[in-house]
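J.: Next comes work_3.pdb, PDB, C-alpha atoms:
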```
ATOM      1  CA  MET S   5      97.768 102.947 118.539
ATOM      2  CA  LEU S   6      97.057 106.349 116.969
ATOM      3  CA  THR S   7      98.841 107.636 113.842
ATOM      4  CA  LEU S   8      99.014 111.396 113.371
ATOM      5  CA  TYR S   9     100.448 112.737 110.124
ATOM      6  CA  PHE S  10     100.993 115.770 107.965
ATOM      7  CA  SER S  11     101.445 115.229 104.240
ATOM      8  CA  GLY S  12     102.093 117.980 101.719
ATOM      9  CA  THR S  13     101.619 116.115  98.433
ATOM     10  CA  GLY S  14     100.762 112.565  99.468
ATOM     11  CA  ASN S  15     104.011 110.769 100.306
ATOM     12  CA  THR S  16     103.641 110.859 104.074
ATOM     13  CA  LYS S  17      99.928 110.096 103.855
ATOM     14  CA  TYR S  18     100.776 106.954 101.910
ATOM     15  CA  ILE S  19     103.281 105.844 104.566
ATOM     16  CA  ALA S  20     100.991 106.719 107.492
ATOM     17  CA  GLU S  21      98.083 104.790 106.039
ATOM     18  CA  ARG S  22     100.177 101.698 105.254
ATOM     19  CA  LEU S  23     101.676 101.762 108.751
ATOM     20  CA  SER S  24      98.236 102.097 110.331
ATOM     21  CA  GLU S  25      96.740  99.299 108.249
ATOM     22  CA  ARG S  26      99.583  96.955 109.162
ATOM     23  CA  MET S  27      99.590  97.845 112.878
ATOM     24  CA  GLY S  28      95.832  98.207 113.374
ATOM     25  CA  ALA S  29      96.050 101.904 114.233
ATOM     26  CA  GLN S  30      93.622 104.776 113.806
ATOM     27  CA  CYS S  31      95.082 107.166 111.193
ATOM     28  CA  VAL S  32      94.292 110.902 111.277
ATOM     29  CA  SER S  33      95.684 113.896 109.385
ATOM     30  CA  ILE S  34      96.552 116.825 111.653
ATOM     31  CA  GLU S  35      94.478 118.961 109.257
ATOM     32  CA  ALA S  36      91.304 117.077 110.218
ATOM     33  CA  ASP S  37      88.492 118.419 112.385
ATOM     34  CA  PHE S  38      89.145 115.981 115.202
ATOM     35  CA  ALA S  39      89.267 115.804 119.028
ATOM     36  CA  PHE S  40      93.044 115.481 119.110
ATOM     37  CA  ASP S  41      93.635 116.082 122.835
ATOM     38  CA  ALA S  42      91.201 113.343 123.842
ATOM     39  CA  ALA S  43      92.535 110.875 121.257
ATOM     40  CA  ILE S  44      96.182 111.493 122.178
ATOM     41  CA  ALA S  45      95.427 111.265 125.897
ATOM     42  CA  THR S  46      93.764 107.858 125.553
ATOM     43  CA  ALA S  47      96.211 106.296 123.064
ATOM     44  CA  ASP S  48      98.744 103.750 124.330
ATOM     45  CA  LEU S  49     101.139 104.398 121.456
ATOM     46  CA  ILE S  50     101.337 107.330 119.029
ATOM     47  CA  ALA S  51     103.004 107.331 115.616
ATOM     48  CA  VAL S  52     103.940 110.797 114.337
ATOM     49  CA  CYS S  53     104.629 111.040 110.588
ATOM     50  CA  TYR S  54     105.799 114.084 108.636
ATOM     51  CA  PRO S  55     108.000 115.132 105.682
ATOM     52  CA  ILE S  56     111.318 116.651 106.664
ATOM     53  CA  TYR S  57     112.302 120.087 105.345
ATOM     54  CA  GLY S  58     115.926 121.120 105.796
ATOM     55  CA  SER S  59     116.311 118.508 108.567
ATOM     56  CA  ARG S  60     113.527 120.196 110.506
ATOM     57  CA  VAL S  61     109.881 119.563 111.332
ATOM     58  CA  PRO S  62     107.434 121.489 109.082
ATOM     59  CA  LEU S  63     105.900 124.652 110.526
ATOM     60  CA  ILE S  64     102.381 123.181 110.507
ATOM     61  CA  MET S  65     103.494 120.165 112.578
ATOM     62  CA  ARG S  66     105.415 122.386 114.999
ATOM     63  CA  ARG S  67     102.281 124.444 115.602
ATOM     64  CA  PHE S  68     100.191 121.287 116.034
ATOM     65  CA  VAL S  69     102.539 119.912 118.693
ATOM     66  CA  ASN S  70     102.572 123.236 120.517
ATOM     67  CA  ARG S  71      98.756 123.280 120.644
ATOM     68  CA  HIS S  72      98.578 119.728 122.017
ATOM     69  CA  MET S  73     101.742 119.719 124.104
ATOM     70  CA  GLU S  74     100.130 118.631 127.351
ATOM     71  CA  ALA S  75      98.315 115.702 125.740
ATOM     72  CA  PHE S  76     101.667 114.275 124.605
ATOM     73  CA  ARG S  77     103.112 114.245 128.129
ATOM     74  CA  GLY S  78     104.327 110.776 129.144
ATOM     75  CA  LYS S  79     103.354 109.146 125.837
ATOM     76  CA  ARG S  80     105.257 106.433 123.993
ATOM     77  CA  ILE S  81     105.834 107.522 120.395
ATOM     78  CA  ILE S  82     107.103 106.340 117.033
ATOM     79  CA  ILE S  83     108.555 108.956 114.670
ATOM     80  CA  LEU S  84     108.525 108.307 110.915
ATOM     81  CA  VAL S  85     109.986 110.887 108.562
ATOM     82  CA  THR S  86     109.723 110.943 104.772
ATOM     83  CA  GLN S  87     112.684 112.384 102.874
ATOM     84  CA  VAL S  88     114.191 112.609  99.392
ATOM     85  CA  THR S  89     117.807 112.096 100.434
ATOM     86  CA  PHE S  90     119.771 112.402 103.680
ATOM     87  CA  SER S  91     118.179 114.471 106.459
ATOM     88  CA  GLY S  92     120.573 113.854 109.339
ATOM     89  CA  ASN S  93     118.533 114.147 112.524
ATOM     90  CA  GLY S  94     115.124 114.635 110.882
ATOM     91  CA  ALA S  95     113.344 112.276 113.287
ATOM     92  CA  ARG S  96     115.321 113.435 116.332
ATOM     93  CA  ALA S  97     114.278 117.030 115.561
ATOM     94  CA  PHE S  98     110.756 116.215 116.776
ATOM     95  CA  LEU S  99     112.028 116.029 120.357
ATOM     96  CA  ASP S 100     113.245 119.613 120.126
ATOM     97  CA  LEU S 101     109.584 120.652 120.082
ATOM     98  CA  LEU S 102     108.984 119.131 123.516
ATOM     99  CA  PRO S 103     110.365 119.565 127.033
ATOM    100  CA  THR S 104     113.108 117.143 128.091
ATOM    101  CA  ASP S 105     111.765 113.647 128.869
ATOM    102  CA  HIS S 106     108.246 114.689 127.821
ATOM    103  CA  VAL S 107     107.794 111.521 125.727
ATOM    104  CA  GLU S 108     109.449 108.120 125.311
ATOM    105  CA  VAL S 109     110.639 107.369 121.775
ATOM    106  CA  LEU S 110     110.254 103.670 120.995
ATOM    107  CA  TYR S 111     111.276 103.899 117.363
ATOM    108  CA  ALA S 112     112.430 106.482 114.817
ATOM    109  CA  GLU S 113     113.085 106.001 111.112
ATOM    110  CA  HIS S 114     113.645 107.946 107.903
ATOM    111  CA  LEU S 115     111.895 106.646 104.775
ATOM    112  CA  PRO S 116     112.915 107.587 101.206
ATOM    113  CA  MET S 117     110.093 108.840  98.985
ATOM    114  CA  PRO S 118     109.855 110.698  95.639
ATOM    115  CA  ASN S 119     110.838 114.330  95.238
ATOM    116  CA  ASN S 120     108.026 116.900  94.995
ATOM    117  CA  VAL S 121     110.171 120.056  94.725
ATOM    118  CA  CYS S 122     109.413 120.975  91.129
ATOM    119  CA  ASN S 123     110.823 124.483  90.581
ATOM    120  CA  LEU S 124     114.257 124.571  92.236
ATOM    121  CA  TRP S 125     116.234 123.371  89.221
ATOM    122  CA  PRO S 126     119.115 122.328  89.098
ATOM    123  CA  LEU S 127     119.136 121.609  92.833
ATOM    124  CA  TYR S 128     116.202 119.242  92.386
ATOM    125  CA  ARG S 129     115.767 117.649  88.972
ATOM    126  CA  LYS S 130     112.618 115.994  87.678
ATOM    127  CA  PRO S 131     112.733 112.310  88.614
ATOM    128  CA  SER S 132     111.813 109.730  86.024
ATOM    129  CA  ASP S 133     108.962 107.287  86.570
ATOM    130  CA  VAL S 134     111.582 104.578  87.075
ATOM    131  CA  GLN S 135     113.334 106.653  89.753
ATOM    132  CA  ASN S 136     110.034 107.388  91.507
ATOM    133  CA  LYS S 137     109.035 103.733  91.531
ATOM    134  CA  LYS S 138     112.436 102.737  92.869
ATOM    135  CA  GLN S 139     112.184 105.343  95.626
ATOM    136  CA  ILE S 140     108.696 104.145  96.570
ATOM    137  CA  ARG S 141     109.890 100.530  96.717
ATOM    138  CA  ARG S 142     112.725 101.596  99.003
ATOM    139  CA  GLY S 143     110.317 103.453 101.258
ATOM    140  CA  ILE S 144     107.876 100.532 101.429
ATOM    141  CA  GLY S 145     110.714  98.102 102.126
ATOM    142  CA  ARG S 146     111.957 100.214 104.994
ATOM    143  CA  LEU S 147     108.419 100.577 106.350
ATOM    144  CA  GLU S 148     108.014  96.798 106.321
ATOM    145  CA  ARG S 149     111.171  96.518 108.427
ATOM    146  CA  VAL S 150     109.779  99.134 110.808
ATOM    147  CA  CYS S 151     106.576  97.140 111.282
ATOM    148  CA  ALA S 152     108.474  93.882 111.741
ATOM    149  CA  ASP S 153     110.722  95.511 114.349
ATOM    150  CA  LEU S 154     107.743  96.968 116.207
ATOM    151  CA  GLU S 155     105.991  93.598 116.273
ATOM    152  CA  ALA S 156     109.170  91.963 117.567
ATOM    153  CA  GLY S 157     109.814  94.660 120.171
ATOM    154  CA  ARG S 158     113.062  95.813 118.566
ATOM    155  CA  VAL S 159     114.153  99.413 119.132
ATOM    156  CA  LYS S 160     115.773 101.654 116.524
ATOM    157  CA  ARG S 161     116.268 105.407 116.615
ATOM    158  CA  ARG S 162     117.478 106.756 113.294
ATOM    159  CA  GLY S 163     118.859 110.288 113.461
ATOM    160  CA  PHE S 164     119.738 110.135 117.166
ATOM    161  CA  SER S 165     123.489 109.499 116.808
ATOM    162  CA  ARG S 166     126.009 112.301 117.260
ATOM    163  CA  VAL S 167     127.012 112.110 113.600
ATOM    164  CA  SER S 168     123.391 112.401 112.418
ATOM    165  CA  GLN S 169     122.750 115.307 114.756
ATOM    166  CA  PHE S 170     125.913 117.098 113.635
ATOM    167  CA  PHE S 171     125.086 116.948 109.922
ATOM    168  CA  GLY S 172     121.372 117.519 110.477
ATOM    169  CA  ASN S 173     122.026 120.615 112.547
ATOM    170  CA  LEU S 174     124.281 122.059 109.838
ATOM    171  CA  GLN S 175     121.386 122.418 107.431
ATOM    172  CA  GLY S 176     118.636 122.542 110.048
ATOM    173  CA  ALA S 177     119.848 125.731 111.711
ATOM    174  CA  ALA S 178     120.094 127.531 108.374
ATOM    175  CA  TRP S 179     116.638 126.314 107.317
ATOM    176  CA  GLN S 180     114.712 127.227 110.440
ATOM    177  CA  ASP S 181     116.548 130.495 111.092
ATOM    178  CA  ARG S 182     116.389 131.822 107.539
ATOM    179  CA  GLY S 183     115.484 129.372 104.763
ATOM    180  CA  GLU S 184     111.928 128.615 105.856
ATOM    181  CA  ARG S 185     111.125 132.305 106.257
ATOM    182  CA  LEU S 186     112.673 133.286 102.909
ATOM    183  CA  MET S 187     110.843 130.494 101.093
ATOM    184  CA  GLY S 188     107.510 131.097 102.809
ATOM    185  CA  GLN S 189     107.525 134.833 102.282
ATOM    186  CA  ASN S 190     108.524 134.574  98.627
ATOM    187  CA  LEU S 191     105.542 132.706  97.234
ATOM    188  CA  LYS S 192     104.411 134.285  93.970
ATOM    189  CA  ILE S 193     101.112 134.062  92.120
ATOM    190  CA  HIS S 194     101.807 134.773  88.427
ATOM    191  CA  SER S 195      99.637 136.957  86.225
ATOM    192  CA  ASP S 196      98.081 134.083  84.280
ATOM    193  CA  CYS S 197      96.399 132.739  87.438
ATOM    194  CA  THR S 198      92.719 132.151  86.628
ATOM    195  CA  VAL S 199      91.648 132.566  90.278
ATOM    196  CA  CYS S 200      90.044 129.135  90.241
ATOM    197  CA  GLY S 201      90.461 128.959  94.030
ATOM    198  CA  LEU S 202      91.928 125.433  94.096
ATOM    199  CA  CYS S 203      95.068 126.568  95.907
ATOM    200  CA  VAL S 204      92.977 128.377  98.532
ATOM    201  CA  SER S 205      91.004 125.224  99.302
ATOM    202  CA  LEU S 206      94.137 123.034  99.383
ATOM    203  CA  CYS S 207      96.421 125.199 101.534
ATOM    204  CA  PRO S 208      96.936 123.500 104.929
ATOM    205  CA  MET S 209      97.940 126.790 106.576
ATOM    206  CA  ARG S 210      95.108 128.903 105.145
ATOM    207  CA  ASN S 211      97.914 131.073 103.865
ATOM    208  CA  LEU S 212      96.317 131.732 100.473
ATOM    209  CA  LYS S 213      93.253 133.950 100.203
ATOM    210  CA  GLN S 214      91.073 135.198  97.356
ATOM    211  CA  ARG S 215      90.757 138.977  97.515
ATOM    212  CA  GLU S 216      89.527 141.478  94.959
ATOM    213  CA  GLY S 217      89.691 138.988  92.117
ATOM    214  CA  ARG S 218      93.159 137.643  92.830
ATOM    215  CA  ILE S 219      94.998 135.192  95.062
ATOM    216  CA  VAL S 220      97.268 136.608  97.755
ATOM    217  CA  SER S 221      99.662 135.063 100.278
ATOM    218  CA  SER S 222      99.761 136.132 103.911
ATOM    219  CA  GLY S 223     103.333 134.861 104.449
ATOM    220  CA  THR S 224     102.541 131.887 106.690
ATOM    221  CA  CYS S 225     103.565 129.139 104.269
ATOM    222  CA  THR S 226     104.741 125.739 105.516
ATOM    223  CA  VAL S 227     106.565 125.126 102.190
ATOM    224  CA  CYS S 228     104.716 121.876 101.480
ATOM    225  CA  TYR S 229     104.549 122.475  97.692
ATOM    226  CA  ARG S 230     100.917 121.335  97.548
ATOM    227  CA  CYS S 231      99.643 124.411  95.724
ATOM    228  CA  ILE S 232     102.613 124.519  93.338
ATOM    229  CA  ASN S 233     102.144 120.902  92.316
ATOM    230  CA  ARG S 234      98.364 121.135  91.939
ATOM    231  CA  CYS S 235      97.885 124.505  90.214
ATOM    232  CA  PRO S 236      96.267 123.801  86.803
ATOM    233  CA  GLU S 237      98.067 126.777  85.244
ATOM    234  CA  ARG S 238     101.417 126.198  86.998
ATOM    235  CA  ALA S 239     101.013 129.804  88.072
ATOM    236  CA  ILE S 240     102.505 129.476  91.576
ATOM    237  CA  THR S 241     106.213 129.524  92.395
ATOM    238  CA  ILE S 242     108.242 129.855  95.568
ATOM    239  CA  TYR S 243     111.583 131.610  96.145
ATOM    240  CA  ILE S 244     112.997 130.882  92.677
ATOM    241  CA  HIS S 245     110.283 132.039  90.299
ATOM    242  CA  GLN S 246     111.085 129.866  87.337
ATOM    243  CA  ARG S 247     107.802 128.242  86.361
ATOM    244  CA  PRO S 248     107.642 124.500  87.091
ATOM    245  CA  LYS S 249     108.037 122.329  83.993
ATOM    246  CA  TRP S 250     106.550 119.361  85.840
ATOM    247  CA  GLN S 251     104.329 118.700  88.852
ATOM    248  CA  TYR S 252     104.265 115.914  91.413
ATOM    249  CA  ARG S 253     100.753 114.574  92.029
ATOM    250  CA  GLY S 254     101.534 111.959  94.666
ATOM    251  CA  ILE S 255     101.508 108.175  94.549
ATOM    252  CA  GLU S 256      98.875 106.614  92.311
TER
END
```
For this file, produce the structure as structure tokens.
T.:
Amino acid sequence: MLTLYFSGTGNTKYIAERLSERMGAQCVSIEADFAFDAAIATADLIAVCYPIYGSRVPLIMRRFVNRHMEAFRGKRIIILVTQVTFSGNGARAFLDLLPTDHVEVLYAEHLPMPNNVCNLWPLYRKPSDVQNKKQIRRGIGRLERVCADLEAGRVKRRGFSRVSQFFGNLQGAAWQDRGERLMGQNLKIHSDCTVCGLCVSLCPMRNLKQREGRIVSSGTCTVCYRCINRCPERAITIYIHQRPKWQYRGIE
């Protein structure tokens, strides 16, 4: 078994690593320098893990799948999605990246994890430590059920029902057609940025660059919130440019 994951601020990484430890799988971030085609081609079972944005697969994962499309052909896969609340067809959306019948989905599940969206108040409020811990416990509990089902050969496909697809597509179409582009192209570096370069080194898309003594965005943001949550000066915002009053640093 091979686990492939993208994680913006640590939630999905946490889930992918726990899944892999329990199931005896190799666990690799899609950001790694790794022979992905060869590893996918030789794996018997592939787990794909990602955070869901607007009921859709993040841009960086979409590009990864497109690059390695042929290696996925005929593979059996598990899809695990991390989410804050309801995402409709977040796991089912992965199949939209592939030709019909390109893979066989053995299992699909959505796992609740803490919120990392720190500057879109009041849409997303700062969670308390108690709320975060409760959300993590819920996610771990659901992951344990996933592993137990896989070991027992039980099949579950969350997000594949007509109801899930209907509600997921309501927000998913708006996100991928407009929301993702508006968010990604409206990333702002504020004037008190110290040009420490941390955001440049952390960006999974290589979207941020240091030029002429300042940080600039090239407009290819996957909206993962990694730079916003890790900036020491809280000098990065996206879409709504109210400075974040808190930052999410992942699961300790």
J.: What lies within 12 Å of Ala178 of chain S using only C-alpha atoms, ignoring chain neighbours under 5 positions off, as number ranges by chain?
T.: S: 57-60, 171-173, 183-186
J.: Could you please take those selected residues and save C-alpha atoms as an mmCIF file, keeping the file's coordinate frame?
T.:
```
data_model
loop_
_atom_site.group_PDB
_atom_site.id
_atom_site.type_symbol
_atom_site.label_atom_id
_atom_site.label_comp_id
_atom_site.auth_asym_id
_atom_site.auth_seq_id
_atom_site.Cartn_x
_atom_site.Cartn_y
_atom_site.Cartn_z
ATOM 1 C CA TYR S 57 112.302 120.087 105.345
ATOM 2 C CA GLY S 58 115.926 121.120 105.796
ATOM 3 C CA SER S 59 116.311 118.508 108.567
ATOM 4 C CA ARG S 60 113.527 120.196 110.506
ATOM 5 C CA PHE S 171 125.086 116.948 109.922
ATOM 6 C CA GLY S 172 121.372 117.519 110.477
ATOM 7 C CA ASN S 173 122.026 120.615 112.547
ATOM 8 C CA GLY S 183 115.484 129.372 104.763
ATOM 9 C CA GLU S 184 111.928 128.615 105.856
ATOM 10 C CA ARG S 185 111.125 132.305 106.257
ATOM 11 C CA LEU S 186 112.673 133.286 102.909
#
```
J.: Quick one: of S:Ala97, S:Leu49, S:Leu127, S:Val121, who's nearest to Phe164 of chain S, counting only C-alpha atoms?
T.: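 Using only C-alpha atoms, Phe164 of chain S sits closest to S:Ala97.
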J.: Please measure the separation of atom CA of Asp37 of chain S and atom CA of Met73 of chain S, giving the value in Å to one decimal.
T.: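 Computed distance, atom CA of Asp37 of chain S to atom CA of Met73 of chain S, equals 17.7 Å.
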J.: Apply the PyMOL selection byres ((chain S and resi 252-256) around 12) to the displayed file and report the matching residues as a VMD selection string.
T.: chain S and resid 11 to 19 117 to 123 129 to 133 136 to 137 139 to 141 228 to 236 238 248 to 251
J.: If the PyMOL selection byres ((chain S and resi 211-213) around 12) is run on the structure shown, which residues does it catch, given as a ChimeraX atom specification?
T.: /S:64,188-189,191-193,199-210,214-228,230-232,240
J.: Write the residues you've just listed into a file as a PDB file, in the coordinates of the input, and include C-alpha atoms for each of them.
T.:
```
ATOM      1  CA  ILE S  64     102.381 123.181 110.507  1.00  0.00           C
ATOM      2  CA  GLY S 188     107.510 131.097 102.809  1.00  0.00           C
ATOM      3  CA  GLN S 189     107.525 134.833 102.282  1.00  0.00           C
ATOM      4  CA  LEU S 191     105.542 132.706  97.234  1.00  0.00           C
ATOM      5  CA  LYS S 192     104.411 134.285  93.970  1.00  0.00           C
ATOM      6  CA  ILE S 193     101.112 134.062  92.120  1.00  0.00           C
ATOM      7  CA  VAL S 199      91.648 132.566  90.278  1.00  0.00           C
ATOM      8  CA  CYS S 200      90.044 129.135  90.241  1.00  0.00           C
ATOM      9  CA  GLY S 201      90.461 128.959  94.030  1.00  0.00           C
ATOM     10  CA  LEU S 202      91.928 125.433  94.096  1.00  0.00           C
ATOM     11  CA  CYS S 203      95.068 126.568  95.907  1.00  0.00           C
ATOM     12  CA  VAL S 204      92.977 128.377  98.532  1.00  0.00           C
ATOM     13  CA  SER S 205      91.004 125.224  99.302  1.00  0.00           C
ATOM     14  CA  LEU S 206      94.137 123.034  99.383  1.00  0.00           C
ATOM     15  CA  CYS S 207      96.421 125.199 101.534  1.00  0.00           C
ATOM     16  CA  PRO S 208      96.936 123.500 104.929  1.00  0.00           C
ATOM     17  CA  MET S 209      97.940 126.790 106.576  1.00  0.00           C
ATOM     18  CA  ARG S 210      95.108 128.903 105.145  1.00  0.00           C
ATOM     19  CA  GLN S 214      91.073 135.198  97.356  1.00  0.00           C
ATOM     20  CA  ARG S 215      90.757 138.977  97.515  1.00  0.00           C
ATOM     21  CA  GLU S 216      89.527 141.478  94.959  1.00  0.00           C
ATOM     22  CA  GLY S 217      89.691 138.988  92.117  1.00  0.00           C
ATOM     23  CA  ARG S 218      93.159 137.643  92.830  1.00  0.00           C
ATOM     24  CA  ILE S 219      94.998 135.192  95.062  1.00  0.00           C
ATOM     25  CA  VAL S 220      97.268 136.608  97.755  1.00  0.00           C
ATOM     26  CA  SER S 221      99.662 135.063 100.278  1.00  0.00           C
ATOM     27  CA  SER S 222      99.761 136.132 103.911  1.00  0.00           C
ATOM     28  CA  GLY S 223     103.333 134.861 104.449  1.00  0.00           C
ATOM     29  CA  THR S 224     102.541 131.887 106.690  1.00  0.00           C
ATOM     30  CA  CYS S 225     103.565 129.139 104.269  1.00  0.00           C
ATOM     31  CA  THR S 226     104.741 125.739 105.516  1.00  0.00           C
ATOM     32  CA  VAL S 227     106.565 125.126 102.190  1.00  0.00           C
ATOM     33  CA  CYS S 228     104.716 121.876 101.480  1.00  0.00           C
ATOM     34  CA  ARG S 230     100.917 121.335  97.548  1.00  0.00           C
ATOM     35  CA  CYS S 231      99.643 124.411  95.724  1.00  0.00           C
ATOM     36  CA  ILE S 232     102.613 124.519  93.338  1.00  0.00           C
ATOM     37  CA  ILE S 240     102.505 129.476  91.576  1.00  0.00           C
TER      38      ILE S 240
END
```
J.: Determine, counting all atoms listed in the file, which protein, DNA and RNA residues have an atom within 12 Å of an atom of Glu148 of chain S; residues of the same chain fewer than 2 positions away are not included. Present the result as a PyMOL selection string.
T.: chain S and resi 19+22-27+113+115+141-146+150-155
J.: For Leu110 of chain S, please output as a list of chain:residue names all residues within 8 Å (counting only C-alpha atoms; exclusion window: fewer than 5 positions along the same chain).
T.: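 In the requested form, the answer reads S:Arg80, S:Ile81, S:Ile82, S:Val159, S:Lys160, S:Arg161.
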J.: What does the structure give for the distance between atom CA of Val167 of chain S and atom CA of Thr89 of chain S, in Å to one decimal?
T.: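 Distance reported for this atom pair: 16.1 Å.
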J.: Evaluate the PyMOL selection byres ((chain S and resi 106-109) around 12) on the structure here and hand back the selected residues as an MDAnalysis selection string.
T.: chainID S and resid 48:52 69 73:84 95:96 98:105 110:113 159:162 164
J.: Between atom CA of Asn93 of chain S and atom CA of Gln169 of chain S, measure the distance and give it in Å to one decimal.
T.: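 About the pair atom CA of Asn93 of chain S and atom CA of Gln169 of chain S: they are 4.9 Å apart.
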J.: Hey, could you patch up segment 105-117 of chain S with N, CA, C and O atoms and hand it over as a JSON list (two decimals), in the coordinates of the input?
T.:
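Result written to result.json:
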```json
[["chain", "number", "residue", "atom", "x", "y", "z"],
["S", 105, "ASP", "N", 112.43, 114.82, 128.29],
["S", 105, "ASP", "CA", 111.76, 113.65, 128.87],
["S", 105, "ASP", "C", 110.24, 113.75, 128.85],
["S", 105, "ASP", "O", 109.56, 113.11, 129.65],
["S", 106, "HIS", "N", 109.70, 114.52, 127.92],
["S", 106, "HIS", "CA", 108.25, 114.69, 127.82],
["S", 106, "HIS", "C", 107.58, 113.44, 127.25],
["S", 106, "HIS", "O", 106.44, 113.12, 127.60],
["S", 107, "VAL", "N", 108.31, 112.74, 126.34],
["S", 107, "VAL", "CA", 107.79, 111.52, 125.73],
["S", 107, "VAL", "C", 108.90, 110.45, 125.74],
["S", 107, "VAL", "O", 110.07, 110.75, 125.95],
["S", 108, "GLU", "N", 108.50, 109.22, 125.47],
["S", 108, "GLU", "CA", 109.45, 108.12, 125.31],
["S", 108, "GLU", "C", 109.42, 107.67, 123.85],
["S", 108, "GLU", "O", 108.38, 107.26, 123.35],
["S", 109, "VAL", "N", 110.56, 107.76, 123.18],
["S", 109, "VAL", "CA", 110.64, 107.37, 121.78],
["S", 109, "VAL", "C", 110.98, 105.89, 121.69],
["S", 109, "VAL", "O", 112.07, 105.46, 122.06],
["S", 110, "LEU", "N", 110.03, 105.10, 121.16],
["S", 110, "LEU", "CA", 110.25, 103.67, 121.00],
["S", 110, "LEU", "C", 110.95, 103.35, 119.68],
["S", 110, "LEU", "O", 111.66, 102.34, 119.58],
["S", 111, "TYR", "N", 110.72, 104.19, 118.68],
["S", 111, "TYR", "CA", 111.28, 103.90, 117.36],
["S", 111, "TYR", "C", 111.31, 105.18, 116.54],
["S", 111, "TYR", "O", 110.42, 106.03, 116.66],
["S", 112, "ALA", "N", 112.33, 105.33, 115.72],
["S", 112, "ALA", "CA", 112.43, 106.48, 114.82],
["S", 112, "ALA", "C", 113.10, 106.03, 113.53],
["S", 112, "ALA", "O", 114.10, 105.33, 113.56],
["S", 113, "GLU", "N", 112.54, 106.43, 112.39],
["S", 113, "GLU", "CA", 113.08, 106.00, 111.11],
["S", 113, "GLU", "C", 112.84, 107.04, 110.04],
["S", 113, "GLU", "O", 111.87, 107.80, 110.08],
["S", 114, "HIS", "N", 113.76, 107.09, 109.08],
["S", 114, "HIS", "CA", 113.64, 107.95, 107.90],
["S", 114, "HIS", "C", 113.32, 107.06, 106.70],
["S", 114, "HIS", "O", 113.99, 106.05, 106.48],
["S", 115, "LEU", "N", 112.32, 107.45, 105.91],
["S", 115, "LEU", "CA", 111.90, 106.65, 104.78],
["S", 115, "LEU", "C", 112.04, 107.43, 103.47],
["S", 115, "LEU", "O", 111.49, 108.53, 103.35],
["S", 116, "PRO", "N", 112.77, 106.89, 102.50],
["S", 116, "PRO", "CA", 112.92, 107.59, 101.21],
["S", 116, "PRO", "C", 111.62, 107.56, 100.42],
["S", 116, "PRO", "O", 110.93, 106.55, 100.36],
["S", 117, "MET", "N", 111.29, 108.71, 99.83],
["S", 117, "MET", "CA", 110.09, 108.84, 98.98],
["S", 117, "MET", "C", 110.41, 109.81, 97.85],
["S", 117, "MET", "O", 111.40, 110.54, 97.89]]
```
